[in-house]
>>> print(open('final-v6.cif').read())   # mmCIF, C-alpha atoms (C1' of nucleotides)
data_upload
#
loop_
_atom_site.group_PDB
_atom_site.id
_atom_site.type_symbol
_atom_site.label_atom_id
_atom_site.label_comp_id
_atom_site.auth_asym_id
_atom_site.auth_seq_id
_atom_site.Cartn_x
_atom_site.Cartn_y
_atom_site.Cartn_z
ATOM 1 C CA ASP A 30 -10.501 8.219 22.284
ATOM 2 C CA TRP A 31 -12.819 11.255 22.196
ATOM 3 C CA ALA A 32 -11.162 12.345 18.971
ATOM 4 C CA TYR A 33 -12.209 9.182 17.229
ATOM 5 C CA LYS A 34 -15.878 9.460 18.082
ATOM 6 C CA THR A 35 -18.378 10.747 15.558
ATOM 7 C CA GLU A 36 -20.870 13.476 16.341
ATOM 8 C CA SER A 37 -23.592 11.517 14.589
ATOM 9 C CA SER A 38 -22.822 8.137 16.124
ATOM 10 C CA PRO A 39 -21.252 8.580 19.562
ATOM 11 C CA GLY A 40 -20.838 4.853 19.968
ATOM 12 C CA SER A 41 -18.488 4.597 17.013
ATOM 13 C CA ARG A 42 -14.842 4.768 17.983
ATOM 14 C CA GLN A 43 -13.507 4.283 14.485
ATOM 15 C CA ILE A 44 -11.275 7.096 13.312
ATOM 16 C CA GLN A 45 -12.630 9.075 10.398
ATOM 17 C CA LEU A 46 -10.622 9.804 7.305
ATOM 18 C CA TRP A 47 -10.535 13.575 7.707
ATOM 19 C CA HIS A 48 -9.335 13.160 11.300
ATOM 20 C CA PHE A 49 -6.607 10.899 10.042
ATOM 21 C CA ILE A 50 -5.642 13.390 7.328
ATOM 22 C CA LEU A 51 -5.365 16.158 9.934
ATOM 23 C CA GLU A 52 -3.316 13.859 12.116
ATOM 24 C CA LEU A 53 -0.805 13.227 9.338
ATOM 25 C CA LEU A 54 -0.691 16.928 8.449
ATOM 26 C CA GLN A 55 0.177 17.734 12.036
ATOM 27 C CA LYS A 56 3.251 15.548 12.152
ATOM 28 C CA GLU A 57 6.551 16.584 10.620
ATOM 29 C CA GLU A 58 7.548 13.014 9.913
ATOM 30 C CA PHE A 59 4.872 12.797 7.210
ATOM 31 C CA ARG A 60 5.702 16.025 5.407
ATOM 32 C CA HIS A 61 7.174 14.135 2.489
ATOM 33 C CA VAL A 62 3.894 12.214 2.224
ATOM 34 C CA ILE A 63 1.262 14.912 2.826
ATOM 35 C CA ALA A 64 1.645 18.616 3.635
ATOM 36 C CA TRP A 65 -0.192 21.925 3.852
ATOM 37 C CA GLN A 66 0.019 24.061 0.754
ATOM 38 C CA GLN A 67 2.036 27.200 1.414
ATOM 39 C CA GLY A 68 -0.153 30.300 1.350
ATOM 40 C CA GLU A 69 -3.472 28.574 0.771
ATOM 41 C CA TYR A 70 -5.391 28.281 4.006
ATOM 42 C CA GLY A 71 -6.606 24.752 4.639
ATOM 43 C CA GLU A 72 -5.269 23.460 1.351
ATOM 44 C CA PHE A 73 -3.084 20.386 1.348
ATOM 45 C CA VAL A 74 -1.198 18.264 -1.173
ATOM 46 C CA ILE A 75 -0.843 14.532 -1.122
ATOM 47 C CA LYS A 76 2.730 14.069 -2.249
ATOM 48 C CA ASP A 77 2.744 10.286 -2.031
ATOM 49 C CA PRO A 78 -0.782 8.930 -2.661
ATOM 50 C CA ASP A 79 0.262 5.291 -2.393
ATOM 51 C CA GLU A 80 1.875 5.860 0.997
ATOM 52 C CA VAL A 81 -1.107 7.788 2.391
ATOM 53 C CA ALA A 82 -3.380 4.971 1.236
ATOM 54 C CA ARG A 83 -1.077 2.407 2.809
ATOM 55 C CA LEU A 84 -1.043 4.250 6.148
ATOM 56 C CA TRP A 85 -4.838 4.668 6.058
ATOM 57 C CA GLY A 86 -5.256 0.994 5.260
ATOM 58 C CA ARG A 87 -2.986 0.046 8.119
ATOM 59 C CA ARG A 88 -4.997 2.193 10.556
ATOM 60 C CA LYS A 89 -8.303 0.735 9.445
ATOM 61 C CA CYS A 90 -6.951 -2.800 9.023
ATOM 62 C CA LYS A 91 -7.760 -2.676 5.326
ATOM 63 C CA PRO A 92 -4.627 -3.995 3.588
ATOM 64 C CA GLN A 93 -6.276 -3.678 0.167
ATOM 65 C CA MET A 94 -6.673 0.092 0.527
ATOM 66 C CA ASN A 95 -5.368 2.198 -2.336
ATOM 67 C CA TYR A 96 -5.582 5.807 -3.503
ATOM 68 C CA ASP A 97 -8.488 5.058 -5.832
ATOM 69 C CA LYS A 98 -10.617 3.938 -2.890
ATOM 70 C CA LEU A 99 -9.310 6.561 -0.501
ATOM 71 C CA SER A 100 -10.029 9.339 -2.976
ATOM 72 C CA ARG A 101 -13.608 8.057 -3.366
ATOM 73 C CA ALA A 102 -14.023 8.506 0.389
ATOM 74 C CA LEU A 103 -12.619 12.031 0.060
ATOM 75 C CA ARG A 104 -15.118 12.731 -2.741
ATOM 76 C CA TYR A 105 -17.964 11.873 -0.366
ATOM 77 C CA TYR A 106 -16.767 14.844 1.723
ATOM 78 C CA TYR A 107 -17.623 17.288 -1.090
ATOM 79 C CA ASN A 108 -21.357 17.213 -0.424
ATOM 80 C CA LYS A 109 -20.741 17.222 3.299
ATOM 81 C CA ARG A 110 -18.741 20.414 2.873
ATOM 82 C CA ILE A 111 -15.808 19.030 4.806
ATOM 83 C CA LEU A 112 -13.511 19.160 1.770
ATOM 84 C CA HIS A 113 -13.449 20.276 -1.812
ATOM 85 C CA LYS A 114 -11.092 19.656 -4.693
ATOM 86 C CA THR A 115 -8.644 22.275 -5.880
ATOM 87 C CA LYS A 116 -9.260 21.908 -9.591
ATOM 88 C CA GLY A 117 -6.228 21.794 -11.816
ATOM 89 C CA LYS A 118 -3.865 20.995 -8.968
ATOM 90 C CA ARG A 119 -2.892 17.362 -8.789
ATOM 91 C CA PHE A 120 -3.606 15.520 -5.511
ATOM 92 C CA THR A 121 -4.660 18.810 -3.943
ATOM 93 C CA TYR A 122 -7.693 19.227 -1.691
ATOM 94 C CA LYS A 123 -8.886 21.958 0.620
ATOM 95 C CA PHE A 124 -10.562 21.843 4.007
ATOM 96 C CA ASN A 125 -13.628 24.051 4.489
ATOM 97 C CA PHE A 126 -12.348 26.068 7.399
ATOM 98 C CA SER A 127 -14.372 29.205 6.722
ATOM 99 C CA LYS A 128 -16.011 29.107 10.133
ATOM 100 C CA LEU A 129 -12.887 27.813 11.819
ATOM 101 C CA THR A 130 -11.140 30.966 10.610
ATOM 102 C CA VAL A 131 -13.354 33.023 12.891
ATOM 103 C CA VAL A 132 -13.149 30.635 15.828
ATOM 104 C CA ASN A 133 -9.465 29.794 15.797
ATOM 105 C CA TYR A 134 -7.515 31.714 13.191
ATOM 106 C CA PRO A 135 -3.742 31.411 13.662
ATOM 107 C CA LEU A 136 -3.871 27.667 14.121
ATOM 108 C CA TRP A 137 -1.865 26.686 11.049
ATOM 109 C CA GLU A 138 0.453 29.689 11.223
ATOM 110 C CA ARG A 139 1.783 28.761 14.624
ATOM 111 C CA GLY A 140 5.413 27.966 15.212
ATOM 112 C CA SER A 141 6.682 24.507 15.948
ATOM 113 C CA CYS A 142 7.431 25.325 19.568
ATOM 114 C CA GLU A 143 4.116 23.862 20.643
ATOM 115 C CA GLN A 144 3.619 20.155 21.202
ATOM 116 C CA PRO A 145 2.488 18.502 17.967
ATOM 117 C CA TRP A 146 -0.017 16.437 19.896
ATOM 118 C CA GLN A 147 -1.530 19.549 21.472
ATOM 119 C CA ILE A 148 -1.750 21.414 18.179
ATOM 120 C CA TRP A 149 -3.434 18.449 16.575
ATOM 121 C CA LYS A 150 -5.755 18.063 19.561
ATOM 122 C CA THR A 151 -6.759 21.719 19.398
ATOM 123 C CA ALA A 152 -7.276 21.469 15.659
ATOM 124 C CA THR A 153 -9.493 18.417 15.916
ATOM 125 C CA VAL A 154 -11.600 19.873 18.710
ATOM 126 C CA SER A 155 -12.098 23.159 16.885
ATOM 127 C CA VAL A 156 -13.011 21.473 13.634
ATOM 128 C CA SER A 157 -15.418 19.136 15.393
ATOM 129 C CA GLN A 158 -17.117 22.078 17.072
ATOM 130 C CA VAL A 159 -17.390 23.954 13.802
ATOM 131 C CA MET A 160 -18.793 20.911 12.062
ATOM 132 C CA ARG A 161 -21.381 20.515 14.789
ATOM 133 C CA LYS A 162 -22.504 24.134 14.335
ATOM 134 C CA GLY A 163 -22.618 23.874 10.579
ATOM 135 C "C1'" DA B 15 -6.288 11.709 -12.476
ATOM 136 C "C1'" DC B 16 -10.762 12.694 -11.290
ATOM 137 C "C1'" DC B 17 -15.834 12.016 -11.019
ATOM 138 C "C1'" DG B 18 -19.925 10.017 -8.873
ATOM 139 C "C1'" DG B 19 -23.559 6.042 -8.955
ATOM 140 C "C1'" DA B 20 -24.467 1.727 -6.924
ATOM 141 C "C1'" DA B 21 -24.075 -1.859 -3.750
ATOM 142 C "C1'" DA B 22 -21.936 -3.952 0.293
ATOM 143 C "C1'" DC B 23 -19.975 -3.807 4.719
ATOM 144 C "C1'" DT B 24 -19.664 -2.624 9.998
ATOM 145 C "C1'" DA C 11 -23.437 6.888 8.860
ATOM 146 C "C1'" DG C 12 -18.984 6.461 7.017
ATOM 147 C "C1'" DT C 13 -16.734 4.376 4.519
ATOM 148 C "C1'" DT C 14 -14.966 0.175 1.147
ATOM 149 C "C1'" DT C 15 -15.320 -1.931 -3.153
ATOM 150 C "C1'" DC C 16 -16.105 -1.741 -7.953
ATOM 151 C "C1'" DC C 17 -16.497 0.498 -12.118
ATOM 152 C "C1'" DG C 18 -18.125 3.107 -16.401
ATOM 153 C "C1'" DG C 19 -17.470 7.598 -17.974
ATOM 154 C "C1'" DT C 20 -14.865 12.204 -18.791
#
>>> encode(input="final-v6.cif", output="C-alpha coordinates")
Amino acid sequence: DWAYKTESSPGSRQIQLWHFILELLQKEEFRHVIAWQQGEYGEFVIKDPDEVARLWGRRKCKPQMNYDKLSRALRYYYNKRILHKTKGKRFTYKFNFSKLTVVNYPLWERGSCEQPWQIWKTATVSVSQVMRKG
DNA sequence: ACCGGAAACT
DNA sequence: AGTTTCCGGT
(Lines of atoms letter the chains of each structure in order from A and count residues from 1; the text may use other names and numbers.)
(Lines give C-alpha, C1' and ligand atoms only; values in the text may rest on other atoms or scores of the structure.)
Protein backbone atom coordinates (compact mmCIF):
# COMPACT_ATOMS: atom_id res chain seq x y z
CA ASP A 1 0.00 0.00 0.00
CA TRP A 2 3.09 2.23 0.27
CA ALA A 3 2.96 2.75 -3.48
CA TYR A 4 -0.46 4.31 -3.26
CA LYS A 5 0.45 6.89 -0.66
CA THR A 6 1.16 10.47 -1.63
CA GLU A 7 4.24 12.34 -0.50
CA SER A 8 2.14 15.39 0.26
CA SER A 9 -0.67 13.60 2.07
CA PRO A 10 0.64 10.43 3.73
CA GLY A 11 -2.81 9.54 4.97
CA SER A 12 -4.20 9.21 1.47
CA ARG A 13 -4.13 5.68 0.15
CA GLN A 14 -5.80 6.47 -3.14
CA ILE A 15 -3.73 5.53 -6.15
CA GLN A 16 -2.61 8.44 -8.28
CA LEU A 17 -3.08 8.56 -12.00
CA TRP A 18 0.60 8.60 -12.92
CA HIS A 19 1.18 5.58 -10.67
CA PHE A 20 -1.63 3.82 -12.45
CA ILE A 21 -0.21 4.75 -15.86
CA LEU A 22 3.18 3.32 -14.86
CA GLU A 23 1.46 0.21 -13.59
CA LEU A 24 -0.25 -0.38 -16.93
CA LEU A 25 2.96 0.35 -18.83
CA GLN A 26 4.73 -2.29 -16.79
CA LYS A 27 2.38 -5.09 -17.72
CA GLU A 28 2.54 -6.88 -21.05
CA GLU A 29 -1.16 -7.62 -21.03
CA PHE A 30 -1.91 -3.93 -21.57
CA ARG A 31 0.50 -3.33 -24.43
CA HIS A 32 -2.34 -3.09 -26.91
CA VAL A 33 -3.89 -0.40 -24.70
CA ILE A 34 -0.88 1.68 -23.63
CA ALA A 35 2.84 1.24 -24.37
CA TRP A 36 6.23 2.93 -24.22
CA GLN A 37 7.27 4.66 -27.40
CA GLN A 38 10.23 2.91 -28.98
CA GLY A 39 13.38 5.03 -28.79
CA GLU A 40 11.92 7.94 -26.86
CA TYR A 41 12.83 7.70 -23.21
CA GLY A 42 9.82 8.04 -20.95
CA GLU A 43 7.45 8.65 -23.82
CA PHE A 44 4.31 6.57 -24.07
CA VAL A 45 1.33 6.23 -26.40
CA ILE A 46 -2.22 5.58 -25.40
CA LYS A 47 -3.38 3.21 -28.10
CA ASP A 48 -6.90 2.74 -26.76
CA PRO A 49 -8.00 5.89 -24.87
CA ASP A 50 -11.47 4.56 -24.10
CA GLU A 51 -10.06 1.39 -22.55
CA VAL A 52 -7.50 3.25 -20.43
CA ALA A 53 -10.28 5.52 -19.19
CA ARG A 54 -12.46 2.52 -18.44
CA LEU A 55 -9.70 0.80 -16.46
CA TRP A 56 -8.93 4.02 -14.56
CA GLY A 57 -12.61 4.49 -13.80
CA ARG A 58 -12.87 0.94 -12.55
CA ARG A 59 -9.88 1.44 -10.22
CA LYS A 60 -11.25 4.66 -8.80
CA CYS A 61 -14.87 3.46 -8.77
CA LYS A 62 -15.80 6.20 -11.22
CA PRO A 63 -17.91 4.46 -13.88
CA GLN A 64 -18.48 7.75 -15.71
CA MET A 65 -14.76 8.21 -16.39
CA ASN A 66 -13.79 8.91 -19.98
CA TYR A 67 -10.71 10.05 -21.89
CA ASP A 68 -11.83 13.68 -21.85
CA LYS A 69 -11.76 13.71 -18.05
CA LEU A 70 -8.68 11.53 -17.75
CA SER A 71 -6.74 13.74 -20.13
CA ARG A 72 -7.69 16.81 -18.05
CA ALA A 73 -6.07 15.10 -15.06
CA LEU A 74 -2.99 14.44 -17.19
CA ARG A 75 -2.92 18.12 -18.19
CA TYR A 76 -2.71 19.08 -14.52
CA TYR A 77 0.62 17.19 -14.49
CA TYR A 78 2.16 19.68 -16.96
CA ASN A 79 2.69 22.39 -14.35
CA LYS A 80 3.77 19.81 -11.82
CA ARG A 81 6.45 18.67 -14.25
CA ILE A 82 5.42 15.05 -13.95
CA LEU A 83 4.37 14.85 -17.60
CA HIS A 84 4.33 16.89 -20.75
CA LYS A 85 2.61 16.49 -24.09
CA THR A 86 4.46 15.35 -27.18
CA LYS A 87 3.04 17.89 -29.59
CA GLY A 88 1.93 16.61 -32.95
CA LYS A 89 1.80 13.01 -31.80
CA ARG A 90 -1.68 11.78 -31.07
CA PHE A 91 -2.34 10.39 -27.57
CA THR A 92 1.36 10.68 -26.80
CA TYR A 93 2.76 11.97 -23.51
CA LYS A 94 6.18 11.91 -21.92
CA PHE A 95 7.29 11.41 -18.34
CA ASN A 96 9.85 13.87 -16.96
CA PHE A 97 12.51 11.37 -16.05
CA SER A 98 15.49 13.70 -16.44
CA LYS A 99 16.61 13.15 -12.86
CA LEU A 100 15.58 9.52 -12.88
CA THR A 101 18.00 9.02 -15.77
CA VAL A 102 20.88 9.77 -13.42
CA VAL A 103 19.50 7.75 -10.52
CA ASN A 104 18.31 4.65 -12.32
CA TYR A 105 19.12 4.66 -16.01
CA PRO A 106 18.58 1.25 -17.64
CA LEU A 107 15.19 0.77 -16.04
CA TRP A 108 13.11 0.73 -19.22
CA GLU A 109 15.76 -1.02 -21.30
CA ARG A 110 15.79 -4.09 -19.12
CA GLY A 111 14.84 -7.48 -20.42
CA SER A 112 11.66 -9.25 -19.48
CA CYS A 113 13.46 -11.81 -17.35
CA GLU A 114 12.76 -9.79 -14.23
CA GLN A 115 9.47 -10.02 -12.36
CA PRO A 116 7.04 -7.43 -13.72
CA TRP A 117 5.94 -6.62 -10.20
CA GLN A 118 9.52 -5.97 -9.12
CA ILE A 119 10.30 -3.79 -12.13
CA TRP A 120 7.18 -1.77 -11.51
CA LYS A 121 7.98 -1.54 -7.80
CA THR A 122 11.49 -0.30 -8.51
CA ALA A 123 10.16 2.18 -11.04
CA THR A 124 7.59 3.60 -8.66
CA VAL A 125 10.04 3.92 -5.79
CA SER A 126 12.64 5.64 -7.95
CA VAL A 127 10.15 8.05 -9.43
CA SER A 128 8.73 8.86 -6.01
CA GLN A 129 12.21 9.59 -4.70
CA VAL A 130 13.01 11.80 -7.66
CA MET A 131 9.74 13.66 -7.28
CA ARG A 132 10.48 14.24 -3.62
CA LYS A 133 13.88 15.74 -4.48
CA GLY A 134 12.49 17.90 -7.23
C1' DA B 1 -7.80 16.14 -30.28
C1' DC B 2 -6.04 19.27 -27.20
C1' DC B 3 -6.06 23.25 -23.97
C1' DG B 4 -6.86 25.26 -19.43
C1' DG B 5 -10.27 27.96 -16.24
C1' DA B 6 -13.63 27.20 -12.83
C1' DA B 7 -16.09 24.80 -9.47
C1' DA B 8 -17.06 20.60 -6.88
C1' DC B 9 -15.77 16.53 -4.58
C1' DT B 10 -13.06 13.45 -1.05
C1' DA C 1 -4.01 18.04 -2.81
C1' DG C 2 -5.45 15.34 -6.56
C1' DT C 3 -8.43 14.69 -9.08
C1' DT C 4 -13.62 14.73 -11.36
C1' DT C 5 -16.90 17.22 -13.83
C1' DC C 6 -18.11 20.56 -17.16
C1' DC C 7 -17.22 23.39 -20.86
C1' DG C 8 -15.90 27.35 -24.09
C1' DG C 9 -12.20 28.08 -27.06
C1' DT C 10 -8.37 26.78 -30.57
>>> residues_around(input="final-v6.cif", residues="C:DT13", least_positions_apart="5", cutoff="9 Å", atoms="all atoms listed in the file", output="MDAnalysis selection string")
(chainID A and resid 45:46 102) or (chainID B and resid 23)
>>> resolve_selection(input="final-v6.cif", expression="the PyMOL selection byres ((chain B and resi 17) around 8)", output="ChimeraX atom specification")
/B:16,18 /C:20
>>> resolve_selection(input="final-v6.cif", expression="the PyMOL selection byres ((chain A) within 10 of (chain B))", output="PyMOL selection string")
chain A and resi 97+100-101+104-105+114+116+119-120
>>> resolve_selection(input="final-v6.cif", expression="the PyMOL selection byres ((chain C) within 12 of (chain A))", output="JSON list (two decimals) with C-alpha atoms (C1' of nucleotides), keeping the file's coordinate frame")
[["chain", "number", "residue", "atom", "x", "y", "z"],
["C", 11, "DA", "C1'", -23.44, 6.89, 8.86],
["C", 12, "DG", "C1'", -18.98, 6.46, 7.02],
["C", 13, "DT", "C1'", -16.73, 4.38, 4.52],
["C", 14, "DT", "C1'", -14.97, 0.18, 1.15],
["C", 15, "DT", "C1'", -15.32, -1.93, -3.15],
["C", 16, "DC", "C1'", -16.10, -1.74, -7.95],
["C", 17, "DC", "C1'", -16.50, 0.50, -12.12]]
>>> residues_around(input="final-v6.cif", residues="A:Arg110", least_positions_apart="2", cutoff="10 Å", atoms="only C-alpha atoms (C1' of nucleotides)", output="ChimeraX atom specification")
/A:105-108,112-113,124-126,160,163
>>> atom_distance(input="final-v6.cif", atom1="atom CA of A:Ala64", atom2="atom CA of A:Val81")
11.2 Å
>>> atom_distance(input="final-v6.cif", atom1="atom CA of A:Gln67", atom2="atom CA of A:Phe49")
20.4 Å
>>> atom_distance(input="final-v6.cif", atom1="atom CA of A:Ile50", atom2="atom C1' of C:DG19")
28.5 Å
>>> decode(input="final-v6.cif", residues="stretch 54-69 of chain A", atoms="all heavy atoms", output="mmCIF file, in the first residue's frame")
data_model
loop_
_atom_site.group_PDB
_atom_site.id
_atom_site.type_symbol
_atom_site.label_atom_id
_atom_site.label_comp_id
_atom_site.auth_asym_id
_atom_site.auth_seq_id
_atom_site.Cartn_x
_atom_site.Cartn_y
_atom_site.Cartn_z
ATOM 1 N N LEU A 54 1.812 0.403 -17.925
ATOM 2 C CA LEU A 54 2.962 0.346 -18.831
ATOM 3 C C LEU A 54 3.899 -0.807 -18.496
ATOM 4 O O LEU A 54 4.652 -1.280 -19.338
ATOM 5 C CB LEU A 54 3.732 1.671 -18.775
ATOM 6 C CG LEU A 54 3.098 2.844 -19.521
ATOM 7 C CD1 LEU A 54 3.756 4.154 -19.116
ATOM 8 C CD2 LEU A 54 3.209 2.635 -21.024
ATOM 9 N N GLN A 55 3.844 -1.249 -17.247
ATOM 10 C CA GLN A 55 4.734 -2.293 -16.790
ATOM 11 C C GLN A 55 4.256 -3.685 -17.161
ATOM 12 O O GLN A 55 5.015 -4.627 -17.200
ATOM 13 C CB GLN A 55 4.859 -2.172 -15.263
ATOM 14 C CG GLN A 55 6.243 -2.178 -14.691
ATOM 15 C CD GLN A 55 7.331 -1.750 -15.644
ATOM 16 O OE1 GLN A 55 7.709 -0.581 -15.698
ATOM 17 N NE2 GLN A 55 7.867 -2.694 -16.386
ATOM 18 N N LYS A 56 2.959 -3.783 -17.471
ATOM 19 C CA LYS A 56 2.377 -5.092 -17.717
ATOM 20 C C LYS A 56 2.141 -5.368 -19.205
ATOM 21 O O LYS A 56 1.520 -4.569 -19.901
ATOM 22 C CB LYS A 56 1.050 -5.215 -16.947
ATOM 23 C CG LYS A 56 1.253 -5.095 -15.442
ATOM 24 C CD LYS A 56 -0.061 -5.252 -14.690
ATOM 25 C CE LYS A 56 0.169 -5.156 -13.187
ATOM 26 N NZ LYS A 56 -1.078 -5.305 -12.417
ATOM 27 N N GLU A 57 2.638 -6.511 -19.636
ATOM 28 C CA GLU A 57 2.540 -6.878 -21.048
ATOM 29 C C GLU A 57 1.109 -6.991 -21.541
ATOM 30 O O GLU A 57 0.812 -6.699 -22.689
ATOM 31 C CB GLU A 57 3.255 -8.220 -21.292
ATOM 32 C CG GLU A 57 4.766 -8.087 -21.357
ATOM 33 C CD GLU A 57 5.406 -9.401 -21.777
ATOM 34 O OE1 GLU A 57 4.789 -10.124 -22.585
ATOM 35 O OE2 GLU A 57 6.511 -9.692 -21.283
ATOM 36 N N GLU A 58 0.236 -7.394 -20.636
ATOM 37 C CA GLU A 58 -1.159 -7.624 -21.032
ATOM 38 C C GLU A 58 -1.873 -6.350 -21.492
ATOM 39 O O GLU A 58 -2.920 -6.411 -22.105
ATOM 40 C CB GLU A 58 -1.919 -8.255 -19.858
ATOM 41 C CG GLU A 58 -1.768 -7.472 -18.568
ATOM 42 C CD GLU A 58 -2.329 -8.228 -17.366
ATOM 43 O OE1 GLU A 58 -3.541 -8.451 -17.316
ATOM 44 O OE2 GLU A 58 -1.534 -8.592 -16.479
ATOM 45 N N PHE A 59 -1.278 -5.195 -21.186
ATOM 46 C CA PHE A 59 -1.912 -3.929 -21.573
ATOM 47 C C PHE A 59 -1.180 -3.219 -22.708
ATOM 48 O O PHE A 59 -1.425 -2.055 -22.970
ATOM 49 C CB PHE A 59 -2.003 -2.998 -20.360
ATOM 50 C CG PHE A 59 -2.896 -3.538 -19.273
ATOM 51 C CD1 PHE A 59 -2.351 -3.961 -18.064
ATOM 52 C CD2 PHE A 59 -4.269 -3.623 -19.458
ATOM 53 C CE1 PHE A 59 -3.170 -4.473 -17.062
ATOM 54 C CE2 PHE A 59 -5.087 -4.122 -18.466
ATOM 55 C CZ PHE A 59 -4.533 -4.558 -17.261
ATOM 56 N N ARG A 60 -0.296 -3.952 -23.376
ATOM 57 C CA ARG A 60 0.501 -3.329 -24.433
ATOM 58 C C ARG A 60 -0.315 -2.892 -25.631
ATOM 59 O O ARG A 60 0.106 -2.027 -26.385
ATOM 60 C CB ARG A 60 1.611 -4.281 -24.886
ATOM 61 C CG ARG A 60 2.813 -4.128 -24.006
ATOM 62 C CD ARG A 60 4.058 -4.710 -24.624
ATOM 63 N NE ARG A 60 5.108 -4.744 -23.601
ATOM 64 C CZ ARG A 60 6.093 -5.632 -23.600
ATOM 65 N NH1 ARG A 60 6.159 -6.531 -24.544
ATOM 66 N NH2 ARG A 60 7.001 -5.585 -22.650
ATOM 67 N N HIS A 61 -1.462 -3.504 -25.796
ATOM 68 C CA HIS A 61 -2.336 -3.091 -26.912
ATOM 69 C C HIS A 61 -3.155 -1.868 -26.518
ATOM 70 O O HIS A 61 -3.832 -1.268 -27.343
ATOM 71 C CB HIS A 61 -3.247 -4.246 -27.321
ATOM 72 C CG HIS A 61 -4.181 -4.693 -26.242
ATOM 73 N ND1 HIS A 61 -3.753 -5.373 -25.123
ATOM 74 C CD2 HIS A 61 -5.509 -4.532 -26.090
ATOM 75 C CE1 HIS A 61 -4.791 -5.620 -24.344
ATOM 76 N NE2 HIS A 61 -5.860 -5.107 -24.896
ATOM 77 N N VAL A 62 -3.097 -1.510 -25.231
ATOM 78 C CA VAL A 62 -3.890 -0.401 -24.704
ATOM 79 C C VAL A 62 -3.019 0.841 -24.470
ATOM 80 O O VAL A 62 -3.398 1.959 -24.794
ATOM 81 C CB VAL A 62 -4.567 -0.826 -23.378
ATOM 82 C CG1 VAL A 62 -5.140 0.379 -22.650
ATOM 83 C CG2 VAL A 62 -5.660 -1.848 -23.651
ATOM 84 N N ILE A 63 -1.838 0.600 -23.895
ATOM 85 C CA ILE A 63 -0.876 1.678 -23.626
ATOM 86 C C ILE A 63 0.525 1.082 -23.659
ATOM 87 O O ILE A 63 0.739 -0.019 -23.162
ATOM 88 C CB ILE A 63 -1.171 2.363 -22.265
ATOM 89 C CG1 ILE A 63 -0.283 3.585 -22.050
ATOM 90 C CG2 ILE A 63 -1.039 1.376 -21.123
ATOM 91 C CD1 ILE A 63 -0.660 4.414 -20.836
ATOM 92 N N ALA A 64 1.486 1.789 -24.244
ATOM 93 C CA ALA A 64 2.836 1.239 -24.369
ATOM 94 C C ALA A 64 3.885 2.339 -24.475
ATOM 95 O O ALA A 64 3.580 3.453 -24.910
ATOM 96 C CB ALA A 64 2.920 0.338 -25.600
ATOM 97 N N TRP A 65 5.103 2.002 -24.064
ATOM 98 C CA TRP A 65 6.226 2.928 -24.219
ATOM 99 C C TRP A 65 6.502 3.138 -25.688
ATOM 100 O O TRP A 65 6.380 2.199 -26.483
ATOM 101 C CB TRP A 65 7.481 2.371 -23.546
ATOM 102 C CG TRP A 65 7.401 2.258 -22.056
ATOM 103 C CD1 TRP A 65 7.366 1.089 -21.342
ATOM 104 C CD2 TRP A 65 7.339 3.320 -21.105
ATOM 105 N NE1 TRP A 65 7.298 1.378 -19.999
ATOM 106 C CE2 TRP A 65 7.273 2.735 -19.827
ATOM 107 C CE3 TRP A 65 7.348 4.709 -21.215
ATOM 108 C CZ2 TRP A 65 7.210 3.492 -18.666
ATOM 109 C CZ3 TRP A 65 7.274 5.471 -20.057
ATOM 110 C CH2 TRP A 65 7.207 4.862 -18.793
ATOM 111 N N GLN A 66 6.899 4.354 -26.023
ATOM 112 C CA GLN A 66 7.274 4.664 -27.396
ATOM 113 C C GLN A 66 8.708 4.210 -27.622
ATOM 114 O O GLN A 66 9.599 4.589 -26.859
ATOM 115 C CB GLN A 66 7.152 6.179 -27.628
ATOM 116 C CG GLN A 66 7.451 6.606 -29.044
ATOM 117 C CD GLN A 66 6.251 6.459 -29.955
ATOM 118 O OE1 GLN A 66 5.243 5.890 -29.577
ATOM 119 N NE2 GLN A 66 6.374 6.978 -31.153
ATOM 120 N N GLN A 67 8.898 3.420 -28.663
ATOM 121 C CA GLN A 67 10.233 2.906 -28.980
ATOM 122 C C GLN A 67 11.202 4.055 -29.233
ATOM 123 O O GLN A 67 10.916 4.954 -30.017
ATOM 124 C CB GLN A 67 10.148 2.010 -30.222
ATOM 125 C CG GLN A 67 11.459 1.384 -30.617
ATOM 126 C CD GLN A 67 11.805 0.183 -29.754
ATOM 127 O OE1 GLN A 67 10.978 -0.294 -29.001
ATOM 128 N NE2 GLN A 67 13.027 -0.297 -29.864
ATOM 129 N N GLY A 68 12.343 4.029 -28.537
ATOM 130 C CA GLY A 68 13.377 5.025 -28.787
ATOM 131 C C GLY A 68 13.281 6.264 -27.924
ATOM 132 O O GLY A 68 14.292 6.783 -27.485
ATOM 133 N N GLU A 69 12.062 6.728 -27.660
ATOM 134 C CA GLU A 69 11.916 7.939 -26.862
ATOM 135 C C GLU A 69 11.783 7.605 -25.382
ATOM 136 O O GLU A 69 10.794 7.014 -24.957
ATOM 137 C CB GLU A 69 10.684 8.734 -27.336
ATOM 138 C CG GLU A 69 10.919 9.506 -28.607
ATOM 139 C CD GLU A 69 11.934 10.630 -28.425
ATOM 140 O OE1 GLU A 69 12.071 11.134 -27.300
ATOM 141 O OE2 GLU A 69 12.592 10.981 -29.417
#
